[in-house]
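The structure appears right after this line, and notes come after that.
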Amino acid sequence: MNLFRFRTLQSRIFAFFFALLFVTQLGSILVTSTLGYAIVGKMLGEELQTGKRVFMRLFEQNTAFLMQGARILASDYGFREAIASNDADTIGSALDNHGDRIDADLMLFIGLDRQVYRSTATGTLDIVPGRLARLHTEAPGTRTVALVERIDGRLYQLIAVPVTAPLPIGTVIAGFRIDGALAHDIGNITHTEVSFINGNRDAPERVHASTLDGAARSDIDRALDARRIGANTISEVALNGSTYLSLRATLPAPQAQQSGVVLQKSLDQSLAPFIDLRDKLVLLGVVGLLLSGLSSLAIARGITRPIKTLAGFARKIAQGEYSEKPVVACTNEIGELAQAFGHMSGEIASRESHILQLAYSDTLTGLPNRAMFHDRLQQAIAMTGRVGKPLTVMLMDLDHFKYVNDSLGHHIGDLLLKEVALRLRSNLRDSDTVARLGGDEFAILLPTADIQNARKVVRTLLGALEQPMTIEGQIIDVRGSFGMASAPLHGTEVAGLLRCADVAMYQAKRNSSGFAEYDARYDHNTLERLSLMSELREAVENDHLVLYYQPKVDLKSSSSYSVEALVRWIHPRRGFVPPNDFIPFAEQTGYIKAITNWVLNQGIRQCADWKRAGLDVNISINISARDLMNADLPVYFASLLREHGCPPERICLEITESAILDDPTHAMDNLKRLEAIGCKLSIDDYGTGYSSLAYLKRLPVGELKIDRSFVQNMVNDPNDTVIVRSTIDLAHNLGLRVVAEGVENAAILSQLCLLGCDQAQGYFFSKPVSAADFQAWVQSSAWRDQVQVACSA
Amino acid sequence: MSFTSAGKAAFTAALLVTAMWQAGHAATLEVELRAAGGEPVEDAVVYLRSGKTRGLPLRAADARIDQIDKTFVPLVSVVQTGTRITFPNKDNIRHHVYSFSKAKRFEIKLYADTPAKPVLFDKPGYVVMGCNIHDTMIAHLLVVDTPWFAKSDRQGRASLRDVPPGDYSLIVWYYMRPDKDALASRVSLRGDEKRTLVVKTRASE
């Protein structure tokens, strides 16, 4: 929690209340202080002005007092008579007498002759008579003069009254000493600090007497030097570090001198109650701020803590933790919010688990689906990557599942899939993963198995699948093809491993071997294969392909023959490329379509050419499974026949048994359309696809070609002979002509003759040869003799 | 100059004495007094003095200085030594006339009407008189030891009549400069004569 970043609600609430109170408190303190200062300043100013007036009045009263005494003396007849008669004793006593009456500190008479007579109280002051006498002698008849004069280092308030008899004969001077006592007296009356100041032309004004102490007097002296004390305006002067409001008054003085009084009042002293009030306000403010800060923090926490709890709860929901409920002990809106959060969390949890179930499992079999399999494989790869142990992944595809679906219905198909799932699952360890990727495709993860272990596992699985399945009363044989790939042997990435397993699976399927391990040689996506692809395209476009022909000899007539067109690739650099090196590849990549088109075109043209040359020969052309799915094939085929002027019955299209079984519905459609065109149809490689003859019966085919694997071993293996014999018999029963491939010697040929096989094809007669060589072969009579020899035996 | 009728009689008697003393030879000296600026000076006193003038019989035996409206009237008087002056109080308040002058120190304590005894001025000199009660009241009196004196009128003219021919010092005195030496000039009087004199009027000159 950082209170000073105002992003959080808590800090904002706190800051708002704190600032509000702070401003209020500060405002009241400022107002109080300012007002106090202003009030005190004004009050003191007025007091000083009043003090000044009082002082001036007092000073005038003193003047009047002095004047009275002096005048009475000056007009006293006896006094004047004494002066006239130069009676010094009488003069002195008169001065004493009148001085005592007004309590004067100084009482003088100065004659026109500058003779000075003084009262006893005056003492032995060093009086310079000239200056005082001049007051009147230089302007005879001048009236009373009041002034402040410095005499012998002391300051006096003086009154000079002329003495006339009746013309001026001298001056009576009466004076009060201006000293600390007077300052204190006046200070007591005016309630101000009183300082008398005096200066002259040659010396600056200095405090002469004061109610203040020495240090303060020095401060006043400095203020006087700086002319900071005004006679009309109040000024602030610091004395001994505290502030005094000051005002001065000028007292009458002879021209050469300056005298005055400075009245002062302590601002600090008067402000003291306000400062006390301010201090209390500050204390109150601080306490208030503290309390309000704490309470606003508490309030803010009351609001933000549940919000934080909810935020934490929301984060947990975001991380996928739904187990906890938000604990907010509030009954207010936030409490409601918390309840809503809890409810929401529960709903999200249940929905997510449902979604997860949907997302990660296969609804039919209950097995994990592709997504989950990917996840687990990913984790397993990560794990094995860390510990350096191998894992194996398998892909399994049921053979001819579409056939089951089509012939027995989807319901049976689904039940079959469930049964397969059950068998796979029950034959694996719990730590292994079986997933249904879709359709009839399953994936198995053996997280701790290398390829050797995997081989054992796959054999167990094959065995489990071989056990016949009874589904709703029907016994169904299923076989699966397993492809295996191991990490890190074949890759360390999910996609790569699965692709390898896929390649292996297709290999297994092609070889009908049940299972296969990944072999880079079969991988059609290697760089070599990619270049092969472009080269193959080039070959088709530039006629690097060539058709070879292998005769099919009629065993019944011994002079009839037909021919199977076989594509060959004469590569400009590599030379002869065996069909097995590019045909499966072309089938997988889909390029077989272009090759088939090329072959059809070449074959039909050759057939037409030969026909025109007088060579009546039927040509068989191979159609791949993918071609069979191509709905355009019959149209294209028909257009070729027209183009080359070839009768359709001359052409026989050979389709492998497995091509039909992959997708029997589509295959059947196309086969029917081809048949309608008028061509012949033949089942190639019969015996490798486990198709039942009952099924074949429904196909519009007229010929069956027994796979060479059966034919080649017939002489050595009685079982194969049985298979060949029963196949021939069954085919004949179904009205099909039988062709045997792989006839390599006379022994096989004679056996086939015995079994009633209709046609034979193989190296014994001829390997596939060029069109020209085939023509030469036709001309030779060797093959006719061979048939006669073999079949007559 | 306004003398009382009694004064006039005394003055006439004095003239007669003098006339008899030097009959057929009497002359009149007309003096015109002017300030530095040329304006006439009033109330200036002129008198003639010689070795023979002292001790001559009074031309007028008495003189009078009234107090009217708290003012001495006349402001300036000149008398021959030995003259008696009465101080009649014409106000309805009392006055206390005094003088501390060396030529004559006296006081007439609070009185009303005419005091019983006139004051004898038996020494020549300047006498300034005041009232002890009214400070503003001042009278100037010059007591001269010669019968031939006069006071200038508003036109600044003063006539010294019936003066026997002879050599005199002509002295001028002005009350604003009472202590300064009176201006003196030599006059050889053989017949009627006119003189114009410049008078310093200010005290500080």
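Residues in the structure tokens are named by chain (A, B, ... in the order shown) and by number from 1 within that chain; ligands are numbered from 1 in the order shown.
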Run DSSP on the backbone and tell me which residues of stretch 587-666 of chain A come out as strand (DSSP E); list them as a compact mmCIF listing (two decimals) with all heavy atoms, in the first residue's frame.
# COMPACT_ATOMS: atom_id res chain seq x y z
N ASN A 618 -6.19 -54.84 -76.16
CA ASN A 618 -6.86 -54.15 -75.03
C ASN A 618 -5.78 -53.64 -74.05
O ASN A 618 -4.86 -54.37 -73.71
CB ASN A 618 -7.76 -55.11 -74.28
CG ASN A 618 -8.98 -55.50 -75.13
OD1 ASN A 618 -9.22 -54.92 -76.20
ND2 ASN A 618 -9.70 -56.50 -74.68
N ILE A 619 -5.98 -52.44 -73.62
CA ILE A 619 -4.99 -51.87 -72.70
C ILE A 619 -5.61 -51.66 -71.32
O ILE A 619 -6.69 -51.08 -71.18
CB ILE A 619 -4.46 -50.52 -73.23
CG1 ILE A 619 -3.76 -50.74 -74.57
CG2 ILE A 619 -3.54 -49.84 -72.23
CD1 ILE A 619 -3.12 -49.52 -75.14
N SER A 620 -4.89 -52.15 -70.30
CA SER A 620 -5.32 -51.92 -68.92
C SER A 620 -4.55 -50.71 -68.35
O SER A 620 -3.33 -50.60 -68.51
CB SER A 620 -5.03 -53.14 -68.05
OG SER A 620 -5.84 -54.21 -68.43
N ILE A 621 -5.30 -49.85 -67.72
CA ILE A 621 -4.66 -48.67 -67.12
C ILE A 621 -5.02 -48.62 -65.64
O ILE A 621 -6.18 -48.83 -65.25
CB ILE A 621 -5.13 -47.39 -67.83
CG1 ILE A 621 -4.73 -47.43 -69.31
CG2 ILE A 621 -4.55 -46.14 -67.15
CD1 ILE A 621 -5.31 -46.32 -70.14
N ASN A 622 -3.99 -48.33 -64.80
CA ASN A 622 -4.21 -48.31 -63.34
C ASN A 622 -4.82 -46.97 -62.88
O ASN A 622 -4.39 -45.90 -63.29
CB ASN A 622 -2.90 -48.51 -62.59
CG ASN A 622 -2.39 -49.93 -62.77
OD1 ASN A 622 -2.95 -50.87 -62.24
ND2 ASN A 622 -1.34 -50.07 -63.59
N ILE A 623 -5.82 -47.14 -62.04
CA ILE A 623 -6.47 -45.96 -61.46
C ILE A 623 -6.26 -46.02 -59.96
O ILE A 623 -6.55 -47.05 -59.34
CB ILE A 623 -7.99 -45.97 -61.75
CG1 ILE A 623 -8.26 -45.97 -63.25
CG2 ILE A 623 -8.66 -44.75 -61.09
CD1 ILE A 623 -7.82 -44.71 -63.95
N ILE A 651 -10.44 -50.39 -73.43
CA ILE A 651 -9.75 -49.91 -72.24
C ILE A 651 -10.30 -50.62 -71.01
O ILE A 651 -11.52 -50.73 -70.84
CB ILE A 651 -9.94 -48.40 -72.06
CG1 ILE A 651 -9.55 -47.63 -73.33
CG2 ILE A 651 -9.14 -47.87 -70.85
CD1 ILE A 651 -8.09 -47.78 -73.73
N CYS A 652 -9.36 -51.11 -70.21
CA CYS A 652 -9.74 -51.70 -68.93
C CYS A 652 -9.07 -50.90 -67.81
O CYS A 652 -7.87 -50.66 -67.85
CB CYS A 652 -9.27 -53.17 -68.88
SG CYS A 652 -9.61 -53.95 -67.28
N LEU A 653 -9.91 -50.44 -66.86
CA LEU A 653 -9.35 -49.66 -65.74
C LEU A 653 -9.16 -50.57 -64.55
O LEU A 653 -10.08 -51.25 -64.11
CB LEU A 653 -10.30 -48.52 -65.38
CG LEU A 653 -10.54 -47.50 -66.50
CD1 LEU A 653 -11.50 -46.41 -66.04
CD2 LEU A 653 -9.22 -46.89 -66.97
N GLU A 654 -7.91 -50.60 -64.04
CA GLU A 654 -7.59 -51.47 -62.90
C GLU A 654 -7.62 -50.64 -61.61
O GLU A 654 -6.99 -49.60 -61.51
CB GLU A 654 -6.20 -52.09 -63.08
CG GLU A 654 -6.14 -53.06 -64.27
CD GLU A 654 -4.83 -53.85 -64.28
OE1 GLU A 654 -4.02 -53.64 -63.36
OE2 GLU A 654 -4.64 -54.64 -65.21
N ILE A 655 -8.41 -51.17 -60.67
CA ILE A 655 -8.55 -50.46 -59.40
C ILE A 655 -8.14 -51.42 -58.30
O ILE A 655 -8.56 -52.56 -58.28
CB ILE A 655 -10.01 -50.03 -59.18
CG1 ILE A 655 -10.47 -49.12 -60.34
CG2 ILE A 655 -10.17 -49.27 -57.87
CD1 ILE A 655 -11.70 -49.66 -61.00
N THR A 656 -7.32 -50.88 -57.35
CA THR A 656 -6.90 -51.78 -56.27
C THR A 656 -8.07 -52.04 -55.35
O THR A 656 -8.97 -51.21 -55.18
CB THR A 656 -5.74 -51.19 -55.44
OG1 THR A 656 -6.20 -49.97 -54.87
CG2 THR A 656 -4.51 -50.95 -56.27
Using only C-alpha atoms, what table do you get, as a tab-separated table, when you list each residue of stretch 134-154 of chain B with an atom no more than 9 Å from stretch 33-52 of chain B, its nearest pair of atoms, and their distance in Å rounded to one decimal, rows by chain then rising number?
residue	atom	partner	partner_atom	distance
B:Leu142	CA	B:Val45	CA	8.1
B:Val144	CA	B:Tyr47	CA	7.9
B:Asp145	CA	B:Arg49	CA	7.8
B:Thr146	CA	B:Arg49	CA	6.2
B:Pro147	CA	B:Leu48	CA	8.3
B:Trp148	CA	B:Tyr47	CA	5.6
B:Phe149	CA	B:Tyr47	CA	3.9
B:Ala150	CA	B:Val46	CA	5.4
B:Lys151	CA	B:Val45	CA	4.4
B:Ser152	CA	B:Asp43	CA	5.1
B:Asp153	CA	B:Glu42	CA	5.2
B:Arg154	CA	B:Glu42	CA	5.0
Please save C-alpha atoms of the selected residues as a PDB file, in the first residue's frame.
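Final output, saved to out29.pdb:
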ATOM      1  CA  LEU B 142      14.145 111.607  29.428  1.00  0.00           C
ATOM      2  CA  VAL B 144      17.602 116.558  30.753  1.00  0.00           C
ATOM      3  CA  ASP B 145      19.754 119.169  32.573  1.00  0.00           C
ATOM      4  CA  THR B 146      18.816 122.015  30.193  1.00  0.00           C
ATOM      5  CA  PRO B 147      15.799 124.155  29.651  1.00  0.00           C
ATOM      6  CA  TRP B 148      16.009 123.884  25.833  1.00  0.00           C
ATOM      7  CA  PHE B 149      14.484 120.622  24.722  1.00  0.00           C
ATOM      8  CA  ALA B 150      11.699 119.574  22.476  1.00  0.00           C
ATOM      9  CA  LYS B 151       9.950 116.391  21.180  1.00  0.00           C
ATOM     10  CA  SER B 152       9.227 115.848  17.519  1.00  0.00           C
ATOM     11  CA  ASP B 153       5.668 115.922  16.348  1.00  0.00           C
ATOM     12  CA  ARG B 154       3.981 113.667  13.855  1.00  0.00           C
TER      13      ARG B 154
END
Find the residues in chain A near chain B: any atom within 9 Å counts, using only C-alpha atoms. Write them as a list in words.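 Written out as asked, the residues are Ser75, Asp76, Tyr77, Arg80, Glu81, Ala84, Ser85, Thr164, Ala165, Pro166 and Leu167 of chain A.
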Which of stretch 191-325 of chain A fall in alpha helix (DSSP H), as a PyMOL selection string: chain A and resi 214-225+267-319
Store the residues picked out above, limited to C-alpha atoms, as a short mmCIF file (atom, residue, chain, number, x, y, z; two decimals), in the first residue's frame.
data_model
loop_
_atom_site.label_atom_id
_atom_site.label_comp_id
_atom_site.auth_asym_id
_atom_site.auth_seq_id
_atom_site.Cartn_x
_atom_site.Cartn_y
_atom_site.Cartn_z
CA GLY A 214 20.51 49.38 27.32
CA ALA A 215 20.35 46.80 24.54
CA ALA A 216 16.92 48.00 23.48
CA ARG A 217 18.20 51.58 23.52
CA SER A 218 20.93 50.60 21.09
CA ASP A 219 18.32 49.05 18.85
CA ILE A 220 16.33 52.30 18.96
CA ASP A 221 19.50 54.25 18.15
CA ARG A 222 20.03 52.10 15.08
CA ALA A 223 16.42 52.52 14.03
CA LEU A 224 16.82 56.28 14.44
CA ASP A 225 19.92 56.23 12.28
CA LEU A 267 3.77 43.66 19.51
CA ASP A 268 4.87 40.28 20.75
CA GLN A 269 3.52 40.91 24.19
CA SER A 270 0.17 41.96 22.81
CA LEU A 271 0.20 39.12 20.35
CA ALA A 272 0.92 36.62 23.09
CA PRO A 273 -2.72 35.70 23.67
CA PHE A 274 -3.21 35.27 19.95
CA ILE A 275 -0.04 33.23 19.63
CA ASP A 276 -1.28 31.13 22.51
CA LEU A 277 -4.60 30.75 20.72
CA ARG A 278 -2.80 29.91 17.49
CA ASP A 279 -0.64 27.32 19.22
CA LYS A 280 -3.72 25.74 20.69
CA LEU A 281 -5.38 25.75 17.28
CA VAL A 282 -2.30 24.16 15.74
CA LEU A 283 -2.30 21.49 18.43
CA LEU A 284 -6.02 20.98 17.93
CA GLY A 285 -5.43 20.86 14.17
CA VAL A 286 -2.68 18.29 14.42
CA VAL A 287 -4.76 16.12 16.73
CA GLY A 288 -7.74 16.59 14.43
CA LEU A 289 -5.70 15.73 11.36
CA LEU A 290 -4.33 12.67 13.09
CA LEU A 291 -7.77 11.52 14.15
CA SER A 292 -9.35 12.28 10.78
CA GLY A 293 -6.42 10.66 9.00
CA LEU A 294 -6.82 7.52 11.07
CA SER A 295 -10.58 7.47 10.69
CA SER A 296 -10.48 8.15 6.96
CA LEU A 297 -7.89 5.39 6.66
CA ALA A 298 -10.23 3.13 8.59
CA ILE A 299 -13.18 4.09 6.41
CA ALA A 300 -11.10 3.73 3.27
CA ARG A 301 -9.92 0.35 4.45
CA GLY A 302 -13.47 -0.67 5.20
CA ILE A 303 -14.24 0.04 1.58
CA THR A 304 -11.06 -1.06 -0.08
CA ARG A 305 -10.23 -4.17 1.90
CA PRO A 306 -13.29 -6.08 0.67
CA ILE A 307 -12.60 -4.67 -2.79
CA LYS A 308 -9.04 -5.93 -2.58
CA THR A 309 -10.30 -9.27 -1.38
CA LEU A 310 -12.66 -9.35 -4.34
CA ALA A 311 -9.89 -8.27 -6.68
CA GLY A 312 -7.70 -11.10 -5.36
CA PHE A 313 -10.61 -13.45 -5.77
CA ALA A 314 -11.15 -12.24 -9.32
CA ARG A 315 -7.47 -12.82 -10.05
CA LYS A 316 -7.81 -16.37 -8.75
CA ILE A 317 -10.79 -16.88 -11.03
CA ALA A 318 -8.66 -15.56 -13.85
CA GLN A 319 -6.01 -18.13 -12.93
#
A:Asp554 surroundings by only C-alpha atoms, 12 Å radius, close-in-sequence under 2 positions cut, as a PyMOL selection string: chain A and resi 551-552+556-563+617-618+737-740+749+752-753+756-761+765+783-784+786-788+791
Near-stretch 631-635 of chain A list (7 Å; only C-alpha atoms; drop same-chain fewer than 4 positions) as a list in words: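 Here the qualifying residues turn out to be Asp627, Ser639, Asn670, Arg673 and Leu674 of chain A.
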Just want the 9 Å neighbourhood of A:Lys593, counted on only C-alpha atoms, with same-chain residues fewer than 2 positions away dropped. Output as a list in words.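 Once the adjacent positions are removed, what remains is Ala586, Glu587, Gly590, Tyr591, Ile595, Thr596, Asn597, Trp598, Ser624, Arg626, Asp627 and Asn630 of chain A.
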Pull C-alpha atoms from the residues just selected and write them as a PDB file, in the first residue's frame.
ATOM      1  CA  ALA A 586       2.180 -38.943 -55.897  1.00  0.00           C
ATOM      2  CA  GLU A 587      -0.778 -40.737 -54.334  1.00  0.00           C
ATOM      3  CA  GLY A 590      -2.582 -35.795 -54.773  1.00  0.00           C
ATOM      4  CA  TYR A 591      -0.323 -35.394 -57.785  1.00  0.00           C
ATOM      5  CA  ILE A 595      -0.102 -38.586 -63.601  1.00  0.00           C
ATOM      6  CA  THR A 596      -3.257 -40.634 -64.125  1.00  0.00           C
ATOM      7  CA  ASN A 597      -4.556 -38.107 -66.600  1.00  0.00           C
ATOM      8  CA  TRP A 598      -1.272 -38.275 -68.448  1.00  0.00           C
ATOM      9  CA  SER A 624      -5.491 -44.947 -57.936  1.00  0.00           C
ATOM     10  CA  ARG A 626      -7.703 -40.957 -55.144  1.00  0.00           C
ATOM     11  CA  ASP A 627      -8.627 -41.031 -58.860  1.00  0.00           C
ATOM     12  CA  ASN A 630     -12.534 -37.867 -58.449  1.00  0.00           C
TER      13      ASN A 630
END
Of the candidates B:Gly125, B:Pro118, B:Pro165, B:Gly191, which one gets nearest to B:Pro178 if we count only C-alpha atoms?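 Of the candidates, the smallest distance to B:Pro178 is held by B:Gly125.
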Which residues are near A:Ala594? Cut-off 10 Å, only C-alpha atoms, ignore same chain within fewer than 6 positions. Put them as a list in words. Leu536, Arg537, Val540, Glu541, Ala586, Leu600 and Asp627 of chain A
If you count only C-alpha atoms, which residues fall within 9 Å of B:Arg190, apart from same-chain ones fewer than 5 positions away, as a list of chain:residue names?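 Near B:Arg190, the qualifying residues are B:His25, B:Ala26, B:Ala27, B:Pro164, B:Pro165, B:Gly166, B:Asp167.
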